[in-house]
file work02.txt (compact mmCIF, C-alpha atoms)
# COMPACT_ATOMS: atom_id res chain seq x y z
CA MET A 1 32.23 -7.42 51.63
CA ILE A 2 30.52 -9.16 48.68
CA ARG A 3 27.18 -8.91 50.46
CA ALA A 4 27.63 -5.17 50.93
CA LEU A 5 28.42 -4.71 47.23
CA VAL A 6 25.31 -6.69 46.24
CA ILE A 7 23.12 -4.61 48.56
CA SER A 8 24.60 -1.37 47.17
CA ALA A 9 23.95 -2.51 43.59
CA LEU A 10 20.33 -3.39 44.37
CA VAL A 11 19.77 -0.01 46.04
CA ALA A 12 21.19 1.76 42.98
CA ILE A 13 18.89 -0.18 40.64
CA VAL A 14 15.80 0.59 42.75
CA MET A 15 16.68 4.28 42.92
CA SER A 16 17.21 4.50 39.13
CA ILE A 17 13.84 2.85 38.46
CA SER A 18 12.10 5.17 40.93
CA TYR A 19 13.73 8.22 39.32
CA ALA A 20 12.64 7.12 35.84
CA ALA A 21 9.08 6.56 37.01
CA CYS A 22 8.88 10.04 38.51
CA THR A 23 10.44 11.83 35.53
CA PRO A 24 7.78 13.56 33.38
CA MET A 25 7.42 12.37 29.78
CA MET A 26 9.11 14.65 27.25
CA ALA A 27 7.05 15.80 24.28
CA PRO A 28 8.47 14.88 20.86
CA THR A 29 10.55 17.68 19.40
CA ALA A 30 9.71 16.89 15.76
CA PRO A 31 6.11 17.29 14.55
CA VAL A 32 4.39 14.49 12.68
CA LYS A 33 4.82 15.07 8.95
CA THR A 34 1.53 15.71 7.15
CA PHE A 35 0.52 17.25 3.85
CA ARG A 36 -0.63 20.87 3.80
CA THR A 37 -4.26 21.76 4.37
CA CYS A 38 -6.17 22.98 1.34
CA ASP A 39 -7.22 26.40 2.63
CA GLY A 40 -7.82 28.28 -0.61
CA ARG A 41 -4.23 28.03 -1.89
CA TYR A 42 -4.80 25.19 -4.32
CA PHE A 43 -1.82 23.00 -5.20
CA ASN A 44 -0.97 19.76 -6.99
CA ASP A 45 1.70 17.23 -6.04
CA VAL A 46 0.78 14.08 -7.92
CA LYS A 47 4.39 13.04 -8.61
CA GLY A 48 4.31 13.17 -12.40
CA LEU A 49 0.85 11.62 -12.77
CA GLY A 50 -1.00 14.79 -13.73
CA SER A 51 -2.20 13.28 -17.00
CA VAL A 52 -3.15 10.02 -15.28
CA TYR A 53 -5.43 11.50 -12.63
CA HIS A 54 -8.62 13.28 -13.76
CA ALA A 55 -9.64 15.84 -11.13
CA ALA A 56 -13.20 16.06 -9.85
CA ARG A 57 -13.01 19.86 -9.51
CA ALA A 58 -10.61 22.71 -10.15
CA ASP A 59 -10.71 24.39 -6.71
CA SER A 60 -9.14 21.50 -4.79
CA CYS A 61 -5.74 20.10 -3.84
CA LYS A 62 -4.35 16.86 -5.28
CA VAL A 63 -1.55 14.98 -3.53
CA ALA A 64 -0.01 11.59 -4.29
CA LEU A 65 1.21 9.27 -1.53
CA GLU A 66 3.72 6.44 -2.02
CA PRO A 67 3.55 3.19 -0.01
CA PHE A 68 5.85 2.68 2.96
CA ASP A 69 5.87 -1.07 2.38
CA MET A 70 5.40 -3.22 -0.73
CA GLY A 71 5.95 -6.82 -1.67
CA ALA A 72 4.79 -9.84 -3.61
CA TRP A 73 2.88 -12.51 -1.72
CA ILE A 74 3.65 -15.84 -3.40
CA GLU A 75 1.00 -18.44 -2.63
CA ALA A 76 2.48 -21.91 -3.06
CA PRO A 77 1.11 -25.25 -1.80
CA LEU A 78 3.82 -25.88 0.80
CA ASN A 79 5.77 -22.63 1.21
CA SER A 80 3.85 -19.39 0.82
CA HIS A 81 6.00 -16.32 1.50
CA LYS A 82 6.48 -12.58 0.90
CA THR A 83 9.24 -11.21 -1.34
CA LYS A 84 10.46 -7.59 -1.42
CA GLY A 85 12.82 -5.50 -3.52
CA LEU A 86 11.39 -6.48 -6.92
CA ARG A 87 11.32 -4.02 -9.82
CA SER A 88 8.13 -5.64 -11.11
CA VAL A 89 5.99 -8.70 -10.45
CA VAL A 90 3.85 -10.98 -12.63
CA LEU A 91 0.37 -11.26 -11.12
CA GLY A 92 -1.78 -14.30 -11.67
CA CYS A 93 -1.05 -18.02 -11.61
CA ALA A 94 1.89 -19.88 -13.14
CA ASN A 95 2.39 -23.60 -13.67
CA LEU A 96 5.65 -25.42 -13.04
CA THR A 97 7.65 -26.61 -16.03
CA PRO A 98 6.99 -30.31 -16.84
CA SER A 99 10.01 -32.33 -15.79
CA ALA A 100 9.54 -35.43 -17.96
CA GLU A 101 10.20 -35.91 -21.65
CA SER A 102 6.57 -36.88 -22.11
CA CYS A 103 5.51 -33.48 -20.67
CA ASP A 104 3.73 -35.26 -17.82
CA TYR A 105 4.25 -33.69 -14.42
CA SER A 106 2.92 -35.32 -11.29
CA GLY A 107 4.21 -32.81 -8.75
CA LEU A 108 2.63 -29.69 -7.26
CA PRO A 109 0.80 -27.47 -9.76
CA GLY A 110 2.48 -24.06 -9.35
CA HIS A 111 1.89 -20.77 -7.55
CA SER A 112 -0.08 -17.52 -7.62
CA VAL A 113 1.24 -14.01 -6.93
CA THR A 114 -0.48 -11.04 -5.23
CA LEU A 115 0.88 -7.50 -4.92
CA THR A 116 0.64 -6.16 -1.33
CA MET A 117 0.91 -2.45 -0.41
CA ASN A 118 0.68 -0.43 2.80
CA PHE A 119 0.01 3.32 2.98
CA ASP A 120 0.02 5.80 5.88
CA MET A 121 -3.23 7.67 5.26
CA ALA A 122 -2.71 9.74 8.43
CA THR A 123 -0.26 11.78 6.32
CA TYR A 124 -3.23 13.66 4.87
CA PRO A 125 -4.64 16.57 6.95
CA ASP A 126 -7.13 15.73 9.69
CA LEU A 127 -9.81 18.00 8.27
CA ALA A 128 -9.39 17.02 4.62
CA VAL A 129 -12.73 16.75 2.80
CA VAL A 130 -12.09 14.09 0.16
CA GLN A 131 -13.45 14.83 -3.32
CA ARG A 132 -11.97 11.81 -5.09
CA ALA A 133 -9.25 9.21 -4.49
CA VAL A 134 -7.63 6.56 -6.69
CA LEU A 135 -4.93 3.92 -6.49
CA ALA A 136 -2.69 4.17 -9.57
CA VAL A 137 -0.48 1.27 -10.72
CA ARG A 138 1.75 0.86 -13.77
CA VAL A 139 1.02 -2.27 -15.84
CA ASN A 140 3.85 -3.30 -18.17
CA ASP A 141 1.93 -5.70 -20.42
CA ASN A 142 -1.47 -7.30 -21.05
CA VAL A 143 -3.19 -4.09 -19.91
CA ASN A 144 -6.60 -4.89 -21.42
CA TYR A 145 -6.83 -8.23 -19.63
CA PHE A 146 -5.59 -6.68 -16.39
CA THR A 147 -8.21 -3.92 -16.52
CA GLN A 148 -11.02 -6.44 -16.99
CA ALA A 149 -9.87 -9.06 -14.47
CA ALA A 150 -7.85 -7.30 -11.74
CA GLN A 151 -9.16 -7.66 -8.21
CA LEU A 152 -8.36 -4.95 -5.64
CA ARG A 153 -9.07 -5.48 -1.94
CA GLY A 154 -8.32 -3.26 1.04
CA ARG A 155 -8.58 -3.08 4.81
CA GLN A 156 -8.28 -0.19 7.23
CA MET A 157 -6.28 -2.07 9.88
CA ILE A 158 -4.96 -5.55 10.60
CA SER A 159 -8.03 -6.71 12.53
CA ASP A 160 -10.37 -5.75 9.66
CA ALA A 161 -11.58 -8.08 6.94
CA PHE A 162 -10.55 -7.25 3.38
CA GLN A 163 -13.23 -5.63 1.24
CA SER A 164 -13.50 -5.42 -2.54
CA LEU A 165 -12.55 -2.02 -3.98
CA GLY A 166 -12.07 -0.38 -7.34
CA ALA A 167 -15.52 -0.81 -8.88
CA SER A 168 -14.46 1.89 -11.37
CA VAL A 169 -11.22 1.09 -13.25
CA THR A 170 -9.79 3.41 -15.91
CA THR A 171 -6.79 3.41 -18.26
CA PRO A 172 -5.80 7.00 -19.13
CA ALA A 173 -4.87 7.28 -22.81
CA THR A 174 -2.37 10.07 -22.20
CA GLN A 175 -0.01 7.84 -20.20
CA PRO A 176 -0.40 4.27 -21.52
CA GLY A 177 0.18 1.53 -18.97
CA TRP A 178 -1.17 3.34 -15.92
CA VAL A 179 -4.41 1.99 -14.45
CA THR A 180 -6.45 3.72 -11.74
CA PHE A 181 -8.88 2.17 -9.25
CA ASP A 182 -11.46 4.41 -7.59
CA ILE A 183 -11.11 4.15 -3.78
CA THR A 184 -12.84 7.42 -2.78
CA ALA A 185 -15.07 6.19 0.07
CA PHE A 186 -12.38 3.85 1.43
CA ALA A 187 -9.71 6.60 1.45
CA ALA A 188 -12.07 9.15 3.03
CA ARG A 189 -12.72 6.82 5.95
CA ALA A 190 -9.01 6.02 6.36
CA ILE A 191 -8.10 9.74 6.50
CA ASN A 192 -10.94 10.57 8.89
CA GLU A 193 -9.94 7.76 11.26
CA ARG A 194 -6.19 8.53 11.00
CA ARG A 195 -5.25 5.04 9.75
CA ASN A 196 -1.47 4.81 9.49
CA SER A 197 -1.23 1.33 7.94
CA VAL A 198 -3.91 0.80 5.32
CA SER A 199 -3.42 -2.43 3.35
CA PHE A 200 -4.19 -3.19 -0.29
CA GLU A 201 -4.00 -6.48 -2.18
CA LEU A 202 -3.97 -6.53 -5.98
CA SER A 203 -4.36 -9.85 -7.78
CA LEU A 204 -5.57 -11.65 -10.89
CA PRO A 205 -7.73 -14.80 -10.88
CA CYS A 206 -6.16 -18.08 -11.94
CA GLY A 207 -6.78 -18.44 -15.66
CA ARG A 208 -6.68 -21.30 -18.10
CA SER A 209 -3.31 -20.37 -19.59
CA GLU A 210 -0.23 -18.25 -18.93
CA SER A 211 -1.65 -15.60 -21.28
CA GLU A 212 -3.92 -14.60 -18.39
CA VAL A 213 -1.18 -12.94 -16.35
CA ALA A 214 0.14 -9.37 -16.28
CA SER A 215 3.36 -7.69 -15.16
CA VAL A 216 2.94 -4.80 -12.70
CA ALA A 217 5.70 -2.35 -11.73
CA ILE A 218 6.76 -2.13 -8.09
CA LEU A 219 10.09 -0.32 -7.66
CA GLN A 220 10.27 0.36 -11.41
CA ALA A 221 7.33 2.78 -11.07
CA GLN A 222 5.82 2.72 -7.59
CA PRO A 223 2.05 2.46 -7.14
CA LYS A 224 0.54 5.62 -5.65
CA VAL A 225 -2.60 6.73 -3.86
CA ILE A 226 -3.82 10.09 -5.19
CA VAL A 227 -6.29 11.98 -2.99
CA GLU A 228 -8.11 15.14 -4.09
CA TYR A 229 -9.38 17.12 -1.13
CA LYS A 230 -10.58 20.53 0.07

call {"tool": "encode", "arguments": {"input": "work02.txt", "output": "structure tokens"}}
result
Amino acid sequence: MIRALVISALVAIVMSISYAACTPMMAPTAPVKTFRTCDGRYFNDVKGLGSVYHAARADSCKVALEPFDMGAWIEAPLNSHKTKGLRSVVLGCANLTPSAESCDYSGLPGHSVTLTMNFDMATYPDLAVVQRAVLAVRVNDNVNYFTQAAQLRGRQMISDAFQSLGASVTTPATQPGWVTFDITAFAARAINERRNSVSFELSLPCGRSESEVASVAILQAQPKVIVEYK
């Protein structure tokens, strides 16, 4: 009796697998969400950053994209890790507080912090002809030092090596605190190749004192990629 039940169960499993293998794949019912094409009906959707972004031309469309993942990478000697859910983060290097009355500290020196961001550039239309693209971030303090020293790197996919970006950095006077990095060529390639997880790293070099750090907004005012295209 038990043997018959086992045989029946095995037959049922084989039949269900065979049926699943022969069933045609169903097409997704919901289309992939993308921004509108710029077909002569020019529009702007830069999410409140109209005075931050300076357009390359009038007859184009400008659309801002928010990251789908953000975090702070904390580089420490023995326990480097990623932290999420922060309103802002202090970029740069920080020393640990001396633990002795004499101000001598013989332990590990401290940590450095890097802002990490991921964007789905496949959200832009396949045939978009990029005119200009920037990464905009809100800096809460020490803006002048940040503008001079900030280092932006990006990669198109996980297997790529990071490359230096943002050779042109600007601080629009109309909205103090916002800083833009020019990423035109990098963004154009990402859109053309339909990259759905483009990574950016924003950091400051380790300075000689804690005055060489800067606070950057994360959830307080999310960084955005703004692409102008035709």

call {"tool": "residues_around", "arguments": {"input": "work02.txt", "residues": "Tyr124 in chain A", "least_positions_apart": "2", "cutoff": "9 Å", "atoms": "all atoms listed in the file", "output": "list in words"}}
result
Thr34, Phe35, Arg36, Thr37, Val63, Leu65, Asp120, Met121, Ala122, Asp126, Leu127, Ala128, Ile191, Arg194 and Val227 of chain A

call {"tool": "residues_near_point", "arguments": {"input": "work02.txt", "point": "(-10.2, -7.3, -11.2)", "cutoff": "10 Å", "atoms": "all atoms listed in the file", "output": "PyMOL selection string"}}
result
chain A and resi 145-153+164-167+169+181+202-205

call {"tool": "residues_near_point", "arguments": {"input": "work02.txt", "point": "(5.3, -1.3, -10.1)", "cutoff": "9 Å", "atoms": "all atoms listed in the file", "output": "number ranges by chain"}}
result
A: 86-89, 137-140, 215-223

call {"tool": "atom_distance", "arguments": {"input": "work02.txt", "atom1": "CA of Gln156 in chain A", "atom2": "CA of Asn118 in chain A"}}
result
10.0 Å

call {"tool": "atom_distance", "arguments": {"input": "work02.txt", "atom1": "CA of Met157 in chain A", "atom2": "CA of Ser112 in chain A"}}
result
24.2 Å

call {"tool": "atom_distance", "arguments": {"input": "work02.txt", "atom1": "CA of Met117 in chain A", "atom2": "CA of Asp69 in chain A"}}
result
5.9 Å

call {"tool": "residues_around", "arguments": {"input": "work02.txt", "residues": "Ser80 in chain A", "least_positions_apart": "5", "cutoff": "10 Å", "atoms": "all atoms listed in the file", "output": "NGL selection string"}}
result
:A and (73-75 or 111-113)

call {"tool": "closest_residue", "arguments": {"input": "work02.txt", "among": "A:Asp45, A:Asp39, A:Asp59, A:Glu66", "to": "Val198 in chain A", "atoms": "all atoms listed in the file"}}
result
A:Glu66

call {"tool": "closest_residue", "arguments": {"input": "work02.txt", "among": "A:Gln131, A:Pro67, A:Ala94, A:Lys62", "to": "Gly50 in chain A", "atoms": "all atoms listed in the file"}}
result
A:Lys62

call {"tool": "residues_around", "arguments": {"input": "work02.txt", "residues": "Ala58 in chain A", "least_positions_apart": "3", "cutoff": "12 Å", "atoms": "only C-alpha atoms", "output": "PyMOL selection string"}}
result
chain A and resi 40-44+54-55+61-62+131+228-230

call {"tool": "build_atoms", "arguments": {"input": "work02.txt", "residues": "range 42-67 of chain A", "atoms": "N, CA, C and O atoms", "output": "PDB file, keeping the file's coordinate frame"}}
result
ATOM      1  N   TYR A  42      -4.714  26.493  -3.673  1.00  0.00           N
ATOM      2  CA  TYR A  42      -4.800  25.190  -4.320  1.00  0.00           C
ATOM      3  C   TYR A  42      -3.441  24.776  -4.878  1.00  0.00           C
ATOM      4  O   TYR A  42      -2.713  25.582  -5.437  1.00  0.00           O
ATOM      5  N   PHE A  43      -3.113  23.500  -4.731  1.00  0.00           N
ATOM      6  CA  PHE A  43      -1.820  23.000  -5.200  1.00  0.00           C
ATOM      7  C   PHE A  43      -1.952  21.549  -5.644  1.00  0.00           C
ATOM      8  O   PHE A  43      -2.876  20.842  -5.235  1.00  0.00           O
ATOM      9  N   ASN A  44      -1.027  21.139  -6.504  1.00  0.00           N
ATOM     10  CA  ASN A  44      -0.970  19.760  -6.990  1.00  0.00           C
ATOM     11  C   ASN A  44       0.410  19.182  -6.711  1.00  0.00           C
ATOM     12  O   ASN A  44       1.415  19.845  -6.941  1.00  0.00           O
ATOM     13  N   ASP A  45       0.447  17.964  -6.219  1.00  0.00           N
ATOM     14  CA  ASP A  45       1.700  17.230  -6.040  1.00  0.00           C
ATOM     15  C   ASP A  45       1.399  15.753  -6.299  1.00  0.00           C
ATOM     16  O   ASP A  45       1.371  14.948  -5.383  1.00  0.00           O
ATOM     17  N   VAL A  46       1.173  15.440  -7.564  1.00  0.00           N
ATOM     18  CA  VAL A  46       0.780  14.080  -7.920  1.00  0.00           C
ATOM     19  C   VAL A  46       1.947  13.276  -8.487  1.00  0.00           C
ATOM     20  O   VAL A  46       1.756  12.219  -9.088  1.00  0.00           O
ATOM     21  N   LYS A  47       3.155  13.775  -8.294  1.00  0.00           N
ATOM     22  CA  LYS A  47       4.390  13.040  -8.610  1.00  0.00           C
ATOM     23  C   LYS A  47       4.435  12.554 -10.065  1.00  0.00           C
ATOM     24  O   LYS A  47       4.654  11.372 -10.343  1.00  0.00           O
ATOM     25  N   GLY A  48       4.199  13.488 -10.982  1.00  0.00           N
ATOM     26  CA  GLY A  48       4.310  13.170 -12.400  1.00  0.00           C
ATOM     27  C   GLY A  48       3.122  12.468 -13.009  1.00  0.00           C
ATOM     28  O   GLY A  48       3.180  12.052 -14.166  1.00  0.00           O
ATOM     29  N   LEU A  49       2.016  12.337 -12.263  1.00  0.00           N
ATOM     30  CA  LEU A  49       0.850  11.620 -12.770  1.00  0.00           C
ATOM     31  C   LEU A  49      -0.307  12.570 -13.074  1.00  0.00           C
ATOM     32  O   LEU A  49      -1.481  12.202 -12.967  1.00  0.00           O
ATOM     33  N   GLY A  50       0.034  13.798 -13.448  1.00  0.00           N
ATOM     34  CA  GLY A  50      -1.000  14.790 -13.730  1.00  0.00           C
ATOM     35  C   GLY A  50      -1.911  14.394 -14.873  1.00  0.00           C
ATOM     36  O   GLY A  50      -3.113  14.697 -14.864  1.00  0.00           O
ATOM     37  N   SER A  51      -1.373  13.703 -15.878  1.00  0.00           N
ATOM     38  CA  SER A  51      -2.200  13.280 -17.000  1.00  0.00           C
ATOM     39  C   SER A  51      -2.883  11.930 -16.740  1.00  0.00           C
ATOM     40  O   SER A  51      -3.712  11.495 -17.528  1.00  0.00           O
ATOM     41  N   VAL A  52      -2.513  11.286 -15.639  1.00  0.00           N
ATOM     42  CA  VAL A  52      -3.150  10.020 -15.280  1.00  0.00           C
ATOM     43  C   VAL A  52      -4.401  10.265 -14.439  1.00  0.00           C
ATOM     44  O   VAL A  52      -5.434   9.618 -14.616  1.00  0.00           O
ATOM     45  N   TYR A  53      -4.315  11.234 -13.524  1.00  0.00           N
ATOM     46  CA  TYR A  53      -5.430  11.500 -12.630  1.00  0.00           C
ATOM     47  C   TYR A  53      -6.336  12.585 -13.203  1.00  0.00           C
ATOM     48  O   TYR A  53      -5.875  13.656 -13.584  1.00  0.00           O
ATOM     49  N   HIS A  54      -7.631  12.318 -13.273  1.00  0.00           N
ATOM     50  CA  HIS A  54      -8.620  13.280 -13.760  1.00  0.00           C
ATOM     51  C   HIS A  54      -9.339  13.881 -12.550  1.00  0.00           C
ATOM     52  O   HIS A  54     -10.068  13.181 -11.837  1.00  0.00           O
ATOM     53  N   ALA A  55      -9.124  15.170 -12.328  1.00  0.00           N
ATOM     54  CA  ALA A  55      -9.640  15.840 -11.130  1.00  0.00           C
ATOM     55  C   ALA A  55     -11.167  15.934 -11.162  1.00  0.00           C
ATOM     56  O   ALA A  55     -11.784  16.040 -12.226  1.00  0.00           O
ATOM     57  N   ALA A  56     -11.763  15.918  -9.980  1.00  0.00           N
ATOM     58  CA  ALA A  56     -13.200  16.060  -9.850  1.00  0.00           C
ATOM     59  C   ALA A  56     -13.616  17.530  -9.921  1.00  0.00           C
ATOM     60  O   ALA A  56     -14.709  17.854 -10.377  1.00  0.00           O
ATOM     61  N   ARG A  57     -12.717  18.432  -9.486  1.00  0.00           N
ATOM     62  CA  ARG A  57     -13.010  19.860  -9.510  1.00  0.00           C
ATOM     63  C   ARG A  57     -11.715  20.645  -9.551  1.00  0.00           C
ATOM     64  O   ARG A  57     -10.652  20.148  -9.178  1.00  0.00           O
ATOM     65  N   ALA A  58     -11.809  21.892  -9.986  1.00  0.00           N
ATOM     66  CA  ALA A  58     -10.610  22.710 -10.150  1.00  0.00           C
ATOM     67  C   ALA A  58     -10.138  23.320  -8.828  1.00  0.00           C
ATOM     68  O   ALA A  58      -8.936  23.465  -8.591  1.00  0.00           O
ATOM     69  N   ASP A  59     -11.071  23.707  -7.958  1.00  0.00           N
ATOM     70  CA  ASP A  59     -10.710  24.390  -6.710  1.00  0.00           C
ATOM     71  C   ASP A  59     -10.456  23.385  -5.593  1.00  0.00           C
ATOM     72  O   ASP A  59     -11.126  23.383  -4.557  1.00  0.00           O
ATOM     73  N   SER A  60      -9.487  22.505  -5.791  1.00  0.00           N
ATOM     74  CA  SER A  60      -9.140  21.500  -4.790  1.00  0.00           C
ATOM     75  C   SER A  60      -7.656  21.221  -4.859  1.00  0.00           C
ATOM     76  O   SER A  60      -6.971  21.653  -5.790  1.00  0.00           O
ATOM     77  N   CYS A  61      -7.154  20.475  -3.888  1.00  0.00           N
ATOM     78  CA  CYS A  61      -5.740  20.100  -3.840  1.00  0.00           C
ATOM     79  C   CYS A  61      -5.620  18.601  -4.152  1.00  0.00           C
ATOM     80  O   CYS A  61      -6.457  17.807  -3.720  1.00  0.00           O
ATOM     81  N   LYS A  62      -4.576  18.250  -4.901  1.00  0.00           N
ATOM     82  CA  LYS A  62      -4.350  16.860  -5.280  1.00  0.00           C
ATOM     83  C   LYS A  62      -2.951  16.450  -4.858  1.00  0.00           C
ATOM     84  O   LYS A  62      -1.971  17.087  -5.253  1.00  0.00           O
ATOM     85  N   VAL A  63      -2.851  15.407  -4.055  1.00  0.00           N
ATOM     86  CA  VAL A  63      -1.550  14.980  -3.530  1.00  0.00           C
ATOM     87  C   VAL A  63      -1.432  13.462  -3.641  1.00  0.00           C
ATOM     88  O   VAL A  63      -2.350  12.721  -3.273  1.00  0.00           O
ATOM     89  N   ALA A  64      -0.285  13.021  -4.156  1.00  0.00           N
ATOM     90  CA  ALA A  64      -0.010  11.590  -4.290  1.00  0.00           C
ATOM     91  C   ALA A  64       0.801  11.097  -3.091  1.00  0.00           C
ATOM     92  O   ALA A  64       1.668  11.813  -2.577  1.00  0.00           O
ATOM     93  N   LEU A  65       0.532   9.887  -2.663  1.00  0.00           N
ATOM     94  CA  LEU A  65       1.210   9.270  -1.530  1.00  0.00           C
ATOM     95  C   LEU A  65       1.797   7.936  -1.976  1.00  0.00           C
ATOM     96  O   LEU A  65       1.096   7.118  -2.580  1.00  0.00           O
ATOM     97  N   GLU A  66       3.076   7.709  -1.669  1.00  0.00           N
ATOM     98  CA  GLU A  66       3.720   6.440  -2.020  1.00  0.00           C
ATOM     99  C   GLU A  66       3.630   5.466  -0.840  1.00  0.00           C
ATOM    100  O   GLU A  66       3.542   5.886   0.311  1.00  0.00           O
ATOM    101  N   PRO A  67       3.648   4.174  -1.091  1.00  0.00           N
ATOM    102  CA  PRO A  67       3.550   3.190  -0.010  1.00  0.00           C
ATOM    103  C   PRO A  67       4.822   3.161   0.842  1.00  0.00           C
ATOM    104  O   PRO A  67       5.911   3.431   0.340  1.00  0.00           O
TER     105      PRO A  67
END
